[in-house]
Number of protein chains: 2
Amino acid sequence: MSESGREMRVTRTEDEPAIMAISRAVGVFSAEEVDTVQELLDEYRTRGAEVSGYHFLSCLVDRRVAGYACYGPRALTDGTYDLFWIATDPAVQGRGIGGALSARCAELVKSVGGRLLVAETSGLPQYAPTRRFYETHGYRLEANITDFYAPGDDLCIFILRV
Amino acid sequence: MSESGREMRVTRTEDEPAIMAISRAVGVFSAEEVDTVQELLDEYRTRGAEVSGYHFLSCLVDRRVAGYACYGPRALTDGTYDLFWIATDPAVQGRGIGGALSARCAELVKSVGGRLLVAETSGLPQYAPTRRFYETHGYRLEANITDFYAPGDDLCIFILRV
């Protein structure tokens, strides 16, 4: 654990309730997206990160899970990884937890020869803080596909070159 | 069957050997991509198109499989479909089989409320005919992500708005 009381580790089964609570609390995940987080956690827990392709990281503050990220290799690419989810407990936002999680993902991806980290998000107004987060942390908006998620809801593809 | 001897149908198990032979014959699929076609066929055969999310179409000419396409809904979107694979037997290329398969996919996607058909392909020189195919059949290149598949191998995202 660092002096700030922050600890970064691969997600343990005991972290799951907090991860699900954070996913519901952030307010921008739809019910379907929250269900998807649980499905990926199930895959990760039962099959492991390597086989499932879903790597989960937890960031703890004072021994409580304050945020998490999930990333994994994109099929049929050599060195491209998706950052599927990254979320911080709203109660502790603004303390650099998201940035630390993103940086740790980038470090881990790079350590296994990865080159790109891809974060896909929505162009809706309520995702403006998410888009700002990526821009602030070195990602570049490299594609925007109109009406991708739904009419009026664009896909924004942010890329971090690690 | 049409007057041209062409028949479009949902893929049957008996079509699989021809589909795999075409996948190997086209020359632009890597071994890993050919394996992926087989995996998707396995899913489609055992779980069905709706559950697996992989819809296969066969185009027959004179009762022989001359081409196929595979499409399916993109998770977490409302009305966006991926065109995963589309390929024509090199022996019968240039007769509009690919175009007919693409048009049929678009029609089927539209019939269930779909709006977008997404075709992702490589920016490598050997994929120039593929990219031309999409451009000729109404798709628009809406994104290009440098070095996505591998260093020097870009991702091109073509979108057909149906």
# chains A, B, ... in the order shown; residues from 1 in each chain; ligands from 1
>>> interface_residues(of="chain A", to="chain B", cutoff="6 Å", atoms="only C-alpha atoms", output="ChimeraX atom specification")
/A:77-78,143,149-150
>>> select_by_dssp(residues="segment 9-159 of chain A", states="strand (DSSP E or B)", output="short mmCIF file (atom, residue, chain, number, x, y, z; two decimals) with C-alpha atoms, in the first residue's frame")
data_model
loop_
_atom_site.label_atom_id
_atom_site.label_comp_id
_atom_site.auth_asym_id
_atom_site.auth_seq_id
_atom_site.Cartn_x
_atom_site.Cartn_y
_atom_site.Cartn_z
CA ARG A 9 -4.16 -5.13 -7.18
CA VAL A 10 -5.71 -7.72 -9.45
CA HIS A 55 -8.39 -8.71 -16.72
CA PHE A 56 -9.81 -6.91 -13.70
CA LEU A 57 -7.90 -4.47 -11.50
CA SER A 58 -9.12 -3.06 -8.21
CA CYS A 59 -7.95 0.17 -6.65
CA LEU A 60 -8.38 0.23 -2.88
CA VAL A 61 -8.31 3.30 -0.68
CA ARG A 64 -11.92 -0.47 0.56
CA VAL A 65 -12.45 -0.92 -3.19
CA ALA A 66 -12.69 2.62 -4.58
CA GLY A 67 -12.54 1.84 -8.29
CA TYR A 68 -11.89 -0.85 -10.86
CA ALA A 69 -10.92 -1.35 -14.46
CA CYS A 70 -11.36 -4.23 -16.87
CA TYR A 71 -9.27 -4.67 -20.00
CA GLY A 72 -8.41 -7.46 -22.40
CA PRO A 73 -6.90 -8.29 -25.77
CA THR A 80 -4.40 -4.03 -29.22
CA TYR A 81 -6.34 -4.12 -25.95
CA ASP A 82 -9.81 -2.94 -25.05
CA LEU A 83 -10.37 -0.98 -21.87
CA PHE A 84 -13.86 -2.38 -21.33
CA TRP A 85 -14.75 -0.62 -18.09
CA ILE A 86 -13.20 1.88 -15.75
CA ALA A 87 -15.15 3.36 -12.86
CA THR A 88 -14.56 5.08 -9.55
CA LEU A 116 -2.88 0.28 -28.13
CA LEU A 117 -5.51 0.65 -25.44
CA VAL A 118 -8.95 1.30 -26.91
CA ALA A 119 -11.71 2.99 -24.91
CA GLU A 120 -15.08 3.17 -26.57
CA THR A 121 -17.68 5.51 -25.12
CA SER A 122 -20.80 7.39 -25.97
CA ARG A 140 -6.95 10.69 -28.39
CA LEU A 141 -10.39 10.66 -29.99
CA GLU A 142 -9.56 8.79 -33.21
CA ALA A 143 -13.05 7.93 -34.47
CA ASN A 144 -16.62 9.09 -34.08
CA ILE A 145 -19.43 7.07 -35.62
CA THR A 146 -22.78 8.83 -35.67
CA ASP A 147 -25.85 7.03 -34.26
CA PHE A 148 -23.82 3.92 -33.48
CA TYR A 149 -25.29 2.99 -30.09
CA ALA A 150 -28.75 4.32 -30.92
CA ASP A 153 -26.00 8.28 -29.56
CA ASP A 154 -22.61 8.26 -31.25
CA LEU A 155 -19.64 5.95 -30.71
CA CYS A 156 -16.42 7.74 -29.70
CA ILE A 157 -13.25 5.66 -29.97
CA PHE A 158 -10.41 6.91 -27.79
CA ILE A 159 -6.97 5.43 -28.29
#
>>> select_by_dssp(residues="segment 37-158 of chain B", states="helix (DSSP H, G or I)", output="PyMOL selection string")
chain B and resi 37-52+90-92+97-111+125-136
>>> residues_around(residues="Asp89 of chain B", least_positions_apart="3", cutoff="8 Å", atoms="only C-alpha atoms", output="MDAnalysis selection string")
chainID B and resid 22 25:26 66:67 92:93
>>> atom_distance(atom1="atom CA of Gly114 of chain A", atom2="atom CA of Val162 of chain A")
7.5 Å
>>> residues_around(residues="Ser102 of chain B", least_positions_apart="2", cutoff="8 Å", atoms="only C-alpha atoms", output="list in words")
Ala69, Ile86, Gly98, Gly99, Ala100, Arg104, Cys105, Ala106 and His137 of chain B
>>> write_last_selection(atoms="C-alpha atoms", output="PDB file, in the first residue's frame")
ATOM      1  CA  ALA B  69     -21.792 -13.900 -45.203  1.00  0.00           C
ATOM      2  CA  ILE B  86     -18.322 -11.953 -46.425  1.00  0.00           C
ATOM      3  CA  GLY B  98     -20.723 -10.552 -52.838  1.00  0.00           C
ATOM      4  CA  GLY B  99     -22.997  -7.635 -53.662  1.00  0.00           C
ATOM      5  CA  ALA B 100     -26.072  -9.858 -53.472  1.00  0.00           C
ATOM      6  CA  ARG B 104     -29.450  -9.501 -48.411  1.00  0.00           C
ATOM      7  CA  CYS B 105     -27.706  -8.903 -45.064  1.00  0.00           C
ATOM      8  CA  ALA B 106     -28.770  -5.241 -45.187  1.00  0.00           C
ATOM      9  CA  HIS B 137     -21.814  -1.256 -52.320  1.00  0.00           C
TER      10      HIS B 137
END
>>> residues_around(residues="Leu40 of chain B", least_positions_apart="4", cutoff="9 Å", atoms="only C-alpha atoms", output="list of chain:residue names")
B:Asp35, B:Thr36, B:Tyr44, B:Arg45, B:Ser52, B:Tyr54, B:Cys70
>>> write_last_selection(atoms="C-alpha atoms", output="short mmCIF file (atom, residue, chain, number, x, y, z; two decimals), in the first residue's frame")
data_model
loop_
_atom_site.label_atom_id
_atom_site.label_comp_id
_atom_site.auth_asym_id
_atom_site.auth_seq_id
_atom_site.Cartn_x
_atom_site.Cartn_y
_atom_site.Cartn_z
CA ASP B 35 -10.27 -20.80 -37.36
CA THR B 36 -12.59 -18.02 -36.22
CA TYR B 44 -24.34 -21.04 -35.19
CA ARG B 45 -24.90 -24.79 -35.73
CA SER B 52 -25.32 -17.35 -30.77
CA TYR B 54 -24.12 -15.26 -35.59
CA CYS B 70 -22.00 -13.80 -41.42
#
